[in-house]
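Reproduced below: coords24.txt, with compact mmCIF, C-alpha atoms and all ligand atoms.
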```
# COMPACT_ATOMS: atom_id res chain seq x y z
CA MET E 1 -8.41 -46.40 -8.34
CA ALA E 2 -11.32 -46.31 -10.82
CA SER E 3 -11.58 -43.26 -13.12
CA PRO E 4 -13.79 -40.42 -11.89
CA ILE E 5 -17.31 -40.02 -13.20
CA LEU E 6 -18.70 -36.76 -14.59
CA VAL E 7 -22.31 -36.14 -13.55
CA THR E 8 -23.98 -33.29 -15.44
CA GLY E 9 -26.98 -31.78 -13.68
CA GLY E 10 -25.86 -33.49 -10.50
CA ALA E 11 -27.27 -30.71 -8.31
CA GLY E 12 -30.81 -31.22 -9.60
CA TYR E 13 -33.53 -33.43 -8.20
CA ILE E 14 -32.72 -36.87 -9.62
CA GLY E 15 -29.06 -35.96 -10.13
CA SER E 16 -28.43 -35.08 -6.49
CA HIS E 17 -29.97 -38.29 -5.16
CA THR E 18 -27.88 -40.26 -7.64
CA VAL E 19 -24.67 -38.37 -6.80
CA ARG E 20 -25.24 -39.07 -3.14
CA MET E 21 -25.63 -42.79 -3.79
CA LEU E 22 -22.65 -43.02 -6.15
CA ALA E 23 -20.43 -41.13 -3.68
CA ALA E 24 -21.58 -43.39 -0.83
CA GLN E 25 -20.43 -46.34 -2.95
CA GLY E 26 -16.94 -44.82 -2.94
CA ARG E 27 -16.95 -43.51 -6.51
CA LYS E 28 -15.12 -40.29 -7.32
CA ILE E 29 -17.68 -37.83 -8.65
CA VAL E 30 -17.34 -34.47 -10.36
CA VAL E 31 -20.64 -32.61 -10.83
CA LEU E 32 -21.08 -30.10 -13.65
CA ASP E 33 -24.20 -28.00 -13.07
CA ASN E 34 -25.04 -24.44 -14.06
CA LEU E 35 -27.30 -24.14 -10.99
CA VAL E 36 -30.16 -22.74 -13.08
CA PHE E 37 -32.38 -25.43 -11.59
CA GLY E 38 -29.83 -27.22 -9.42
CA HIS E 39 -28.99 -26.34 -5.83
CA HIS E 40 -25.59 -26.06 -4.24
CA ASP E 41 -27.02 -27.45 -0.97
CA ALA E 42 -28.29 -30.57 -2.70
CA ILE E 43 -24.74 -31.90 -2.78
CA LEU E 44 -23.97 -33.14 0.69
CA ASP E 45 -20.89 -35.27 0.20
CA GLU E 46 -17.61 -33.41 0.67
CA SER E 47 -15.77 -35.78 -1.65
CA VAL E 48 -17.89 -34.51 -4.57
CA GLU E 49 -16.44 -31.62 -6.58
CA LEU E 50 -19.06 -29.18 -7.91
CA VAL E 51 -18.11 -27.27 -11.04
CA VAL E 52 -20.56 -24.49 -11.89
CA GLY E 53 -20.86 -24.27 -15.66
CA ASP E 54 -22.65 -25.35 -18.82
CA ILE E 55 -22.55 -28.63 -20.69
CA GLY E 56 -22.27 -26.63 -23.91
CA ASP E 57 -19.08 -24.83 -22.82
CA LYS E 58 -16.46 -26.52 -25.01
CA GLN E 59 -13.45 -25.01 -23.31
CA LEU E 60 -14.65 -25.88 -19.83
CA LEU E 61 -15.37 -29.47 -20.88
CA GLU E 62 -11.96 -29.87 -22.45
CA GLU E 63 -10.34 -28.58 -19.26
CA LEU E 64 -12.39 -30.97 -17.13
CA PHE E 65 -11.68 -34.00 -19.32
CA GLU E 66 -7.98 -33.09 -19.46
CA LYS E 67 -7.79 -32.78 -15.69
CA HIS E 68 -9.93 -35.75 -14.61
CA ARG E 69 -9.78 -38.26 -17.49
CA PHE E 70 -13.36 -39.38 -16.80
CA GLY E 71 -14.21 -43.03 -17.27
CA ALA E 72 -17.93 -42.36 -17.66
CA VAL E 73 -20.53 -39.61 -17.89
CA VAL E 74 -23.96 -39.63 -16.27
CA HIS E 75 -26.00 -36.98 -18.02
CA PHE E 76 -28.96 -35.39 -16.21
CA ALA E 77 -28.64 -31.73 -17.22
CA ALA E 78 -31.80 -30.82 -19.12
CA TYR E 79 -34.93 -28.71 -19.04
CA ALA E 80 -38.05 -30.68 -18.22
CA TYR E 81 -41.15 -28.48 -18.34
CA VAL E 82 -43.40 -29.98 -20.99
CA GLY E 83 -45.64 -26.89 -21.28
CA GLU E 84 -42.68 -24.56 -21.70
CA SER E 85 -41.23 -26.86 -24.36
CA VAL E 86 -44.38 -26.24 -26.42
CA THR E 87 -44.14 -22.44 -26.17
CA ASP E 88 -40.33 -22.22 -26.39
CA PRO E 89 -39.20 -25.29 -28.35
CA LEU E 90 -35.82 -23.87 -29.34
CA LYS E 91 -34.84 -23.58 -25.69
CA TYR E 92 -35.44 -27.33 -25.35
CA TYR E 93 -33.71 -28.36 -28.56
CA ARG E 94 -30.78 -26.08 -27.70
CA ASN E 95 -30.36 -27.31 -24.16
CA ASN E 96 -31.50 -30.94 -24.33
CA THR E 97 -30.36 -31.89 -27.82
CA ALA E 98 -27.69 -29.48 -29.10
CA ALA E 99 -25.67 -28.72 -25.95
CA PRO E 100 -25.01 -32.42 -25.20
CA LEU E 101 -23.30 -32.65 -28.61
CA VAL E 102 -20.49 -30.55 -27.15
CA LEU E 103 -20.26 -32.92 -24.21
CA LEU E 104 -20.24 -35.95 -26.52
CA GLN E 105 -17.54 -34.38 -28.68
CA ALA E 106 -15.34 -33.98 -25.61
CA MET E 107 -16.02 -37.63 -24.74
CA GLN E 108 -15.02 -38.73 -28.22
CA ASP E 109 -11.89 -36.56 -28.19
CA PHE E 110 -10.78 -37.93 -24.83
CA GLY E 111 -11.76 -41.55 -25.49
CA CYS E 112 -14.51 -41.69 -22.85
CA LYS E 113 -17.05 -44.25 -24.10
CA VAL E 114 -19.57 -44.84 -21.33
CA PHE E 115 -22.70 -42.67 -21.10
CA VAL E 116 -25.76 -43.00 -18.88
CA PHE E 117 -28.60 -40.82 -20.11
CA SER E 118 -31.71 -39.49 -18.36
CA SER E 119 -34.29 -40.27 -20.94
CA THR E 120 -38.01 -40.32 -20.37
CA CYS E 121 -41.26 -42.16 -20.93
CA ALA E 122 -42.31 -38.95 -22.72
CA THR E 123 -40.44 -40.39 -25.73
CA TYR E 124 -43.34 -42.85 -26.11
CA GLY E 125 -46.02 -40.17 -26.39
CA SER E 126 -49.53 -41.58 -25.89
CA PRO E 127 -48.98 -45.31 -26.17
CA GLU E 128 -51.70 -47.61 -27.41
CA ILE E 129 -50.48 -50.52 -25.34
CA VAL E 130 -49.92 -50.32 -21.58
CA PRO E 131 -47.81 -51.45 -19.74
CA ILE E 132 -45.15 -49.96 -21.97
CA THR E 133 -42.22 -52.05 -23.11
CA GLU E 134 -39.07 -50.65 -24.70
CA SER E 135 -40.26 -51.84 -28.11
CA ASN E 136 -43.37 -49.63 -28.00
CA PRO E 137 -43.21 -47.09 -30.84
CA GLN E 138 -41.55 -43.83 -29.75
CA ARG E 139 -43.86 -41.05 -30.92
CA PRO E 140 -43.39 -38.13 -28.54
CA ILE E 141 -46.19 -35.57 -28.51
CA ASN E 142 -44.25 -32.51 -27.38
CA PRO E 143 -40.85 -30.86 -27.98
CA TYR E 144 -39.57 -32.03 -24.58
CA GLY E 145 -40.07 -35.70 -25.53
CA ARG E 146 -38.66 -35.09 -29.00
CA SER E 147 -35.60 -33.28 -27.62
CA LYS E 148 -34.81 -36.37 -25.52
CA LEU E 149 -35.59 -38.89 -28.26
CA MET E 150 -33.26 -37.11 -30.67
CA LEU E 151 -30.43 -37.49 -28.19
CA GLU E 152 -31.22 -41.22 -27.96
CA TRP E 153 -30.73 -41.37 -31.75
CA VAL E 154 -27.48 -39.42 -31.52
CA LEU E 155 -26.20 -41.91 -28.94
CA ALA E 156 -27.03 -44.86 -31.20
CA ASP E 157 -25.14 -43.20 -34.06
CA CYS E 158 -22.12 -42.52 -31.84
CA ASP E 159 -22.14 -46.17 -30.82
CA ARG E 160 -21.98 -47.24 -34.47
CA ALA E 161 -19.36 -44.64 -35.35
CA TRP E 162 -16.93 -44.69 -32.42
CA GLY E 163 -18.10 -47.30 -29.95
CA LEU E 164 -19.88 -45.10 -27.40
CA ARG E 165 -21.81 -47.44 -25.13
CA SER E 166 -24.84 -45.86 -23.55
CA ALA E 167 -27.75 -46.68 -21.28
CA CYS E 168 -30.86 -44.65 -22.06
CA LEU E 169 -32.88 -44.80 -18.88
CA ARG E 170 -36.48 -43.91 -19.64
CA TYR E 171 -37.86 -42.65 -16.36
CA PHE E 172 -41.50 -42.77 -15.50
CA ASN E 173 -42.68 -40.35 -12.76
CA ALA E 174 -39.75 -39.65 -10.45
CA SER E 175 -41.03 -38.97 -6.95
CA GLY E 176 -40.24 -39.05 -3.26
CA SER E 177 -36.99 -37.92 -1.69
CA ALA E 178 -34.17 -39.17 0.49
CA GLU E 179 -35.50 -41.26 3.36
CA ASP E 180 -33.58 -39.15 5.91
CA GLY E 181 -35.22 -35.94 4.64
CA LEU E 182 -31.85 -34.22 4.00
CA ILE E 183 -32.33 -33.71 0.27
CA GLY E 184 -35.49 -33.61 -1.80
CA GLU E 185 -37.44 -32.13 -4.66
CA ASP E 186 -37.29 -28.34 -5.06
CA HIS E 187 -38.48 -27.14 -8.45
CA ASN E 188 -39.35 -23.55 -9.18
CA PRO E 189 -42.02 -23.48 -10.47
CA GLU E 190 -43.26 -26.79 -9.11
CA THR E 191 -45.65 -28.49 -11.50
CA HIS E 192 -45.50 -32.13 -10.36
CA LEU E 193 -48.42 -33.80 -8.73
CA ILE E 194 -47.02 -35.16 -5.46
CA PRO E 195 -45.27 -31.95 -4.33
CA ARG E 196 -48.31 -29.90 -5.33
CA VAL E 197 -50.62 -32.13 -3.31
CA LEU E 198 -48.32 -31.64 -0.33
CA MET E 199 -48.03 -27.87 -0.95
CA ALA E 200 -51.83 -27.74 -0.78
CA LEU E 201 -51.55 -29.41 2.61
CA THR E 202 -48.96 -26.97 3.98
CA GLY E 203 -50.91 -23.99 2.61
CA GLU E 204 -48.16 -23.00 0.17
CA ILE E 205 -50.82 -23.22 -2.54
CA GLU E 206 -54.51 -22.69 -1.89
CA TYR E 207 -55.71 -25.95 -3.41
CA LEU E 208 -54.74 -28.75 -5.72
CA GLU E 209 -56.36 -28.68 -9.11
CA VAL E 210 -57.05 -32.17 -10.46
CA PHE E 211 -56.58 -32.10 -14.21
CA GLY E 212 -59.47 -34.13 -15.60
CA THR E 213 -61.92 -36.58 -14.08
CA ASP E 214 -63.26 -38.09 -17.30
CA TYR E 215 -60.40 -40.36 -18.33
CA GLU E 216 -61.10 -44.01 -19.09
CA THR E 217 -59.63 -45.13 -15.79
CA PRO E 218 -61.41 -46.68 -12.77
CA ASP E 219 -61.82 -43.36 -10.92
CA GLY E 220 -61.66 -41.08 -13.99
CA THR E 221 -58.31 -39.46 -13.09
CA CYS E 222 -54.97 -40.00 -14.84
CA ILE E 223 -52.82 -42.98 -14.00
CA ARG E 224 -49.04 -42.77 -13.77
CA ASP E 225 -46.19 -44.98 -12.59
CA TYR E 226 -44.51 -43.19 -9.68
CA ILE E 227 -40.95 -44.35 -9.09
CA HIS E 228 -38.94 -43.46 -5.97
CA VAL E 229 -35.98 -41.22 -6.76
CA GLU E 230 -33.61 -43.42 -4.74
CA ASP E 231 -34.70 -46.44 -6.78
CA LEU E 232 -33.90 -44.42 -9.89
CA ALA E 233 -30.51 -43.55 -8.40
CA GLU E 234 -29.75 -47.20 -7.88
CA ALA E 235 -30.50 -47.97 -11.53
CA HIS E 236 -27.81 -45.45 -12.58
CA ALA E 237 -25.22 -47.17 -10.40
CA LEU E 238 -26.16 -50.54 -11.92
CA ALA E 239 -26.11 -49.12 -15.45
CA LEU E 240 -22.60 -47.77 -14.87
CA ASP E 241 -21.43 -51.18 -13.64
CA TYR E 242 -23.14 -52.91 -16.57
CA LEU E 243 -21.43 -50.66 -19.13
CA ALA E 244 -18.09 -50.73 -17.29
CA GLY E 245 -18.32 -54.53 -17.48
CA GLY E 246 -18.49 -54.31 -21.28
CA GLY E 247 -22.28 -54.36 -21.72
CA ASP E 248 -23.76 -53.20 -25.03
CA SER E 249 -25.85 -50.04 -25.35
CA ILE E 250 -29.34 -50.47 -23.91
CA GLN E 251 -32.61 -48.62 -23.45
CA CYS E 252 -34.53 -49.40 -20.25
CA ASN E 253 -37.82 -48.33 -18.75
CA LEU E 254 -37.52 -47.40 -15.09
CA GLY E 255 -40.83 -47.67 -13.32
CA THR E 256 -42.54 -49.83 -10.74
CA GLY E 257 -45.02 -51.42 -13.12
CA VAL E 258 -47.80 -50.20 -10.81
CA GLY E 259 -50.34 -47.63 -12.02
CA VAL E 260 -51.59 -45.05 -9.50
CA SER E 261 -54.32 -42.48 -10.10
CA VAL E 262 -54.34 -38.81 -9.10
CA LYS E 263 -57.09 -39.61 -6.59
CA GLN E 264 -55.02 -42.39 -5.06
CA ILE E 265 -52.13 -39.95 -4.56
CA ILE E 266 -54.47 -37.55 -2.77
CA ASP E 267 -55.75 -40.42 -0.56
CA ALA E 268 -52.17 -41.44 0.30
CA ALA E 269 -51.23 -37.86 1.19
CA GLU E 270 -54.29 -37.54 3.45
CA GLU E 271 -53.51 -40.82 5.17
CA ILE E 272 -49.86 -39.87 5.79
CA SER E 273 -50.44 -36.28 6.89
CA GLY E 274 -53.70 -36.86 8.75
CA LYS E 275 -55.11 -33.77 6.97
CA ASN E 276 -57.55 -33.15 4.13
CA VAL E 277 -56.18 -31.94 0.80
CA PRO E 278 -58.14 -28.93 -0.51
CA VAL E 279 -59.05 -30.02 -4.04
CA ARG E 280 -60.75 -28.47 -7.07
CA TYR E 281 -61.64 -30.51 -10.10
CA GLY E 282 -60.71 -28.93 -13.40
CA PRO E 283 -60.50 -29.86 -17.07
CA ARG E 284 -57.87 -32.10 -18.62
CA ARG E 285 -54.38 -30.64 -19.07
CA GLU E 286 -53.51 -30.59 -22.75
CA GLY E 287 -51.22 -33.36 -23.85
CA ASP E 288 -51.76 -35.61 -20.80
CA PRO E 289 -52.15 -39.27 -21.77
CA GLY E 290 -54.69 -41.08 -19.55
CA MET E 291 -52.39 -43.89 -18.55
CA LEU E 292 -48.61 -44.35 -18.52
CA VAL E 293 -47.30 -47.45 -16.78
CA ALA E 294 -43.96 -49.14 -17.35
CA ASP E 295 -43.21 -52.73 -18.01
CA PRO E 296 -39.89 -52.69 -16.10
CA SER E 297 -38.94 -56.33 -16.76
CA PHE E 298 -36.15 -55.52 -19.24
CA ALA E 299 -34.26 -53.46 -16.63
CA LYS E 300 -34.51 -56.40 -14.28
CA SER E 301 -33.14 -58.88 -16.80
CA LYS E 302 -30.32 -56.62 -18.05
CA LEU E 303 -29.29 -54.64 -14.96
CA GLY E 304 -30.69 -56.76 -12.14
CA TRP E 305 -32.68 -53.65 -11.18
CA GLU E 306 -36.13 -53.60 -9.70
CA ALA E 307 -37.92 -50.84 -7.78
CA ARG E 308 -37.68 -51.56 -4.06
CA ARG E 309 -40.74 -49.43 -3.28
CA LYS E 310 -43.94 -50.17 -5.14
CA ASP E 311 -46.52 -48.75 -2.77
CA VAL E 312 -46.95 -45.06 -3.55
CA ARG E 313 -47.17 -44.26 0.17
CA GLU E 314 -43.44 -45.06 0.25
CA MET E 315 -42.91 -42.14 -2.15
CA VAL E 316 -45.37 -39.75 -0.50
CA ARG E 317 -44.06 -40.33 3.05
CA PRO E 318 -40.46 -39.06 2.50
CA ALA E 319 -41.77 -36.25 0.27
CA TRP E 320 -44.01 -35.15 3.14
CA LYS E 321 -41.07 -35.38 5.57
CA TRP E 322 -39.05 -33.11 3.26
CA ILE E 323 -41.80 -30.57 2.64
CA SER E 324 -43.07 -30.40 6.22
CA GLY E 325 -39.53 -30.53 7.67
CA PRO E 326 -37.11 -27.75 8.71
CA ARG E 327 -36.35 -26.70 5.11
CA ALA E 328 -40.06 -26.70 4.15
CA GLY E 329 -39.09 -28.38 0.89
CA ARG E 330 -36.76 -25.57 -0.20
CA TYR E 331 -33.02 -25.18 -0.47
CA ALA E 332 -31.38 -21.83 0.28
CA ARG E 333 -31.55 -19.57 -2.75
N1 LIG K 401 -51.75 -33.41 -12.11
C1 LIG K 401 -52.86 -32.83 -11.56
N2 LIG K 401 -52.71 -31.63 -10.91
C2 LIG K 401 -51.50 -30.99 -10.80
C3 LIG K 401 -50.36 -31.62 -11.36
C4 LIG K 401 -50.52 -32.83 -12.01
O1 LIG K 401 -53.97 -33.36 -11.64
O2 LIG K 401 -51.44 -29.89 -10.22
C5 LIG K 401 -51.88 -34.72 -12.79
C6 LIG K 401 -51.45 -34.68 -14.26
O3 LIG K 401 -52.56 -34.39 -15.07
C7 LIG K 401 -50.92 -36.09 -14.47
C8 LIG K 401 -50.41 -36.51 -13.10
O4 LIG K 401 -50.99 -35.61 -12.18
O5 LIG K 401 -51.98 -36.95 -14.81
C9 LIG K 401 -48.91 -36.44 -12.99
O6 LIG K 401 -48.49 -35.17 -13.44
P1 LIG K 401 -47.01 -34.66 -13.27
O7 LIG K 401 -46.98 -33.26 -13.81
O8 LIG K 401 -46.56 -34.88 -11.88
O9 LIG K 401 -46.15 -35.64 -14.20
P2 LIG K 401 -46.28 -36.02 -15.75
O10 LIG K 401 -46.94 -37.37 -15.78
O11 LIG K 401 -47.06 -34.96 -16.43
O12 LIG K 401 -44.86 -36.10 -16.20
```
Could you take the file, read its structure, and then write that structure out as structure tokens?
Amino acid sequence: MASPILVTGGAGYIGSHTVRMLAAQGRKIVVLDNLVFGHHDAILDESVELVVGDIGDKQLLEELFEKHRFGAVVHFAAYAYVGESVTDPLKYYRNNTAAPLVLLQAMQDFGCKVFVFSSTCATYGSPEIVPITESNPQRPINPYGRSKLMLEWVLADCDRAWGLRSACLRYFNASGSAEDGLIGEDHNPETHLIPRVLMALTGEIEYLEVFGTDYETPDGTCIRDYIHVEDLAEAHALALDYLAGGGDSIQCNLGTGVGVSVKQIIDAAEEISGKNVPVRYGPRREGDPGMLVADPSFAKSKLGWEARRKDVREMVRPAWKWISGPRAGRYAR
């Protein structure tokens, strides 16, 4: 039987959808999550072992590697609030850059040399050329992006030094939720556009504030590349297979290649729910680039991966099912 896989942050949003897919493929998964942002209930599969703890806990990691002899690590555990990273940068460098060094040390000590990393398009900053290819300069504009980029550099150095092979998956805007509505996105606080649009529809928030209407885009609102979380999950499975098959370290953009504006998201939500979104138009949010869209062709050529859903309504529909369903978009706390 294949070696088990350690998934850090596997009880979080993208992690839990990925764990579910990997477990459904018959892989043995151990999740390490401190449940600060993750949710116990987001792990549905009984074959998955959940260990509650920190990625920076050396002793715990050594015990886990000793016990399970992991063949690979998929690393999601991180903080991801851009605004908070500006006001509390050390929290981000400590958690997103320094703590994974403990995890990587355990990997080196136990001879585990396959690593799939949740990186981000935030490592590109405000790119001059869109769509963004992997060779675009990486000039992050906030500590969150820098904390992730530094770990990319660490991974490249570990490859040179001891043969760690890694896949840095640079996500664009993760969105949507499981098609069956059983798991979904539950952040606290929730800052992301699609859930906030839907929260304005359910009345959980009074209105959606649109951040800026004067961007150089066709309707003046920001354009992003929204990628379905289950499509992201699939890319992790393919990256694991690619590395297990001896593939070299890679960095891949994961997006649809389709740009969607804030206004188009609101239109999609209104169409799907049959209700009007209460909206107020406000100023730009600091640090928001006008347009971020992936060129995802490298992931296709290297991993055989392509987003299955490219119409943003396919992301908004399951998100609406989750948020308007029995759990109202929230796990038990
Ligand atoms: N946005 C908005 N109102 C909100 C949240 C987000 O207008 O309440 C806009 C934001 O300015 C950005 C887009 O929606 O252009 C996506 O933002 P999100 O925070 O979801 O992801 P980001 O691209 O910042 O990672």
Per residue of chain E within 6 Å of ligand LIG 401 (chain K), record the nearest atom pair and its distance in Å to one decimal, counting only C-alpha atoms and all ligand atoms, with rows in chain order and ascending residue number, as a Markdown table.
```
| residue | atom | partner | partner_atom | distance |
| --- | --- | --- | --- | --- |
| E:Asn173 | CA | K:LIG401 | O12 | 5.9 |
| E:Thr191 | CA | K:LIG401 | O7 | 5.5 |
| E:His192 | CA | K:LIG401 | O8 | 3.3 |
| E:Leu193 | CA | K:LIG401 | O8 | 3.8 |
| E:Arg196 | CA | K:LIG401 | O2 | 5.8 |
| E:Leu208 | CA | K:LIG401 | O2 | 5.7 |
| E:Glu209 | CA | K:LIG401 | N2 | 5.0 |
| E:Val210 | CA | K:LIG401 | O1 | 3.5 |
| E:Phe211 | CA | K:LIG401 | O1 | 3.9 |
| E:Cys222 | CA | K:LIG401 | O5 | 4.3 |
| E:Val262 | CA | K:LIG401 | O4 | 5.6 |
| E:Arg285 | CA | K:LIG401 | O3 | 5.8 |
| E:Asp288 | CA | K:LIG401 | O3 | 5.9 |
```
Check your understanding: Using all atoms listed in the file, which of E:Glu66, E:Asp45, E:Glu134, E:Glu306 sits nearest Leu232 (chain E)?
Key ->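 Distance minimum relative to Leu232 (chain E) lands on E:Glu306.
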**Study point:** Exercise: Asp159 (chain E) partners within 10 Å, all atoms listed in the file, chain neighbours under 5 positions left out, as a VMD selection string
**Key:** chain E and resid 113 to 114 153 to 154 164 to 166 248 to 249
**Study point:** Residues near Gly15 (chain E), cut-off 9 Å, only C-alpha atoms, skip fewer than 2 positions along chain, as a PyMOL selection string
**Key:** chain E and resi 7-13+17-20+38+74-77+233
Go ahead and save the residues from that selection, with C-alpha atoms, as a compact mmCIF listing (two decimals), keeping the file's coordinate frame.
```
# COMPACT_ATOMS: atom_id res chain seq x y z
CA VAL E 7 -22.31 -36.14 -13.55
CA THR E 8 -23.98 -33.29 -15.44
CA GLY E 9 -26.98 -31.78 -13.68
CA GLY E 10 -25.86 -33.49 -10.50
CA ALA E 11 -27.27 -30.71 -8.31
CA GLY E 12 -30.81 -31.22 -9.60
CA TYR E 13 -33.53 -33.43 -8.20
CA HIS E 17 -29.97 -38.29 -5.16
CA THR E 18 -27.88 -40.26 -7.64
CA VAL E 19 -24.67 -38.37 -6.80
CA ARG E 20 -25.24 -39.07 -3.14
CA GLY E 38 -29.83 -27.22 -9.42
CA VAL E 74 -23.96 -39.63 -16.27
CA HIS E 75 -26.00 -36.98 -18.02
CA PHE E 76 -28.96 -35.39 -16.21
CA ALA E 77 -28.64 -31.73 -17.22
CA ALA E 233 -30.51 -43.55 -8.40
```
Practice item. Can you work out which one of E:Ala328, E:Ile14, E:Leu240, E:Ala2 has the shortest atom-to-atom distance to Glu204 (chain E), counting only C-alpha atoms? Key: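 Of E:Ala328, E:Ile14, E:Leu240, E:Ala2, the one nearest Glu204 (chain E) is E:Ala328, counting only C-alpha atoms.
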**Study point:** Within 8 Å of Leu303 (chain E) using all atoms listed in the file, minus same-chain residues under 6 positions, as a ChimeraX atom specification
**Key:** /E:235,238-239,242
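Each of E:Ile265, E:Val86, E:Leu64, E:Ile323 was checked against Gly203 (chain E) using all atoms listed in the file; the smallest atom-to-atom distance is that of E:Ile323.
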**Study point:** Between CA of Gly282 (chain E) and CA of Ile205 (chain E), distance in Å (one decimal)
**Key:**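 Between CA of Gly282 (chain E) and CA of Ile205 (chain E) the gap works out to 15.8 Å.
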Point to revise | Within 7 Å of Ile132 (chain E) using all atoms listed in the file, minus same-chain residues under 3 positions, as a list of chain:residue names | key: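 So the residues in contact are E:Ile129, E:Asn136, E:Val293, E:Ala294, E:Asp295.
Of the residues listed (E:Tyr144, E:Tyr281, E:Phe65, E:Phe37), E:Tyr144 shows the shortest atom-to-atom separation from Thr120 (chain E); distances use all atoms listed in the file.
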Check your understanding: So which one's closest to Ala174 (chain E), E:Asp225, E:Asp219, E:Asp267, E:Asp186? Using only C-alpha atoms, please.
Key ->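 Closest candidate: E:Asp225.
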Check your understanding: Counting only C-alpha atoms, which residues come within 12 Å of (-50.7, -23.0, 5.5), with the point read in the file's coordinates, and could you list them as a PyMOL selection string?
Key -> chain E and resi 198-207+275+277-278+324+328
Expected file contents, prior selection, C-alpha atoms, as a PDB file, in the coordinates of the input:
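Contents of out.pdb, freshly written:
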```pdb
ATOM      1  CA  LEU E 198     -48.320 -31.640  -0.330  1.00  0.00           C
ATOM      2  CA  MET E 199     -48.030 -27.870  -0.950  1.00  0.00           C
ATOM      3  CA  ALA E 200     -51.830 -27.740  -0.780  1.00  0.00           C
ATOM      4  CA  LEU E 201     -51.550 -29.410   2.610  1.00  0.00           C
ATOM      5  CA  THR E 202     -48.960 -26.970   3.980  1.00  0.00           C
ATOM      6  CA  GLY E 203     -50.910 -23.990   2.610  1.00  0.00           C
ATOM      7  CA  GLU E 204     -48.160 -23.000   0.170  1.00  0.00           C
ATOM      8  CA  ILE E 205     -50.820 -23.220  -2.540  1.00  0.00           C
ATOM      9  CA  GLU E 206     -54.510 -22.690  -1.890  1.00  0.00           C
ATOM     10  CA  TYR E 207     -55.710 -25.950  -3.410  1.00  0.00           C
ATOM     11  CA  LYS E 275     -55.110 -33.770   6.970  1.00  0.00           C
ATOM     12  CA  VAL E 277     -56.180 -31.940   0.800  1.00  0.00           C
ATOM     13  CA  PRO E 278     -58.140 -28.930  -0.510  1.00  0.00           C
ATOM     14  CA  SER E 324     -43.070 -30.400   6.220  1.00  0.00           C
ATOM     15  CA  ALA E 328     -40.060 -26.700   4.150  1.00  0.00           C
TER      16      ALA E 328
END
```
Using all atoms listed in the file, what does the table of region 146-177 of chain E residues within 10 Å of region 99-108 of chain E look like, with each row giving the shortest atom pair and its distance in Å to one decimal, sorted by chain and ascending number, as a tab-separated table?
```
residue	atom	partner	partner_atom	distance
E:Leu151	CA	E:Pro100	CA	8.0
E:Val154	CA	E:Leu101	CA	8.5
E:Leu155	CA	E:Leu104	CA	8.8
E:Cys158	CA	E:Leu104	CA	8.7
E:Trp162	CA	E:Gln108	CA	7.5
E:Gly163	CA	E:Gln108	CA	9.3
E:Leu164	CA	E:Gln108	CA	8.1
```
Check your understanding: Between E:Gly304, E:Gly247, E:Pro296, E:Gly71, which is the closest to Ile5 (chain E) once you count all atoms listed in the file?
Key ->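 Smallest separation from Ile5 (chain E) among the options: E:Gly71.
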Point to revise | Non-local contacts of Val130 (chain E) (12 Å; all atoms listed in the file; under 5 positions in same chain excluded) as a ChimeraX atom specification | key: /E:121,124-125,135-137,223-225,257-259,289-296
Please report, as lines of an AutoDock Vina configuration file, the centre and edge lengths in Å to one decimal of an axis-aligned box covering all listed atoms of region 13-25 of chain E with 3 Å per side.
```
center_x = -27.0
center_y = -39.9
center_z = -5.5
size_x = 19.1
size_y = 18.9
size_z = 15.3
```
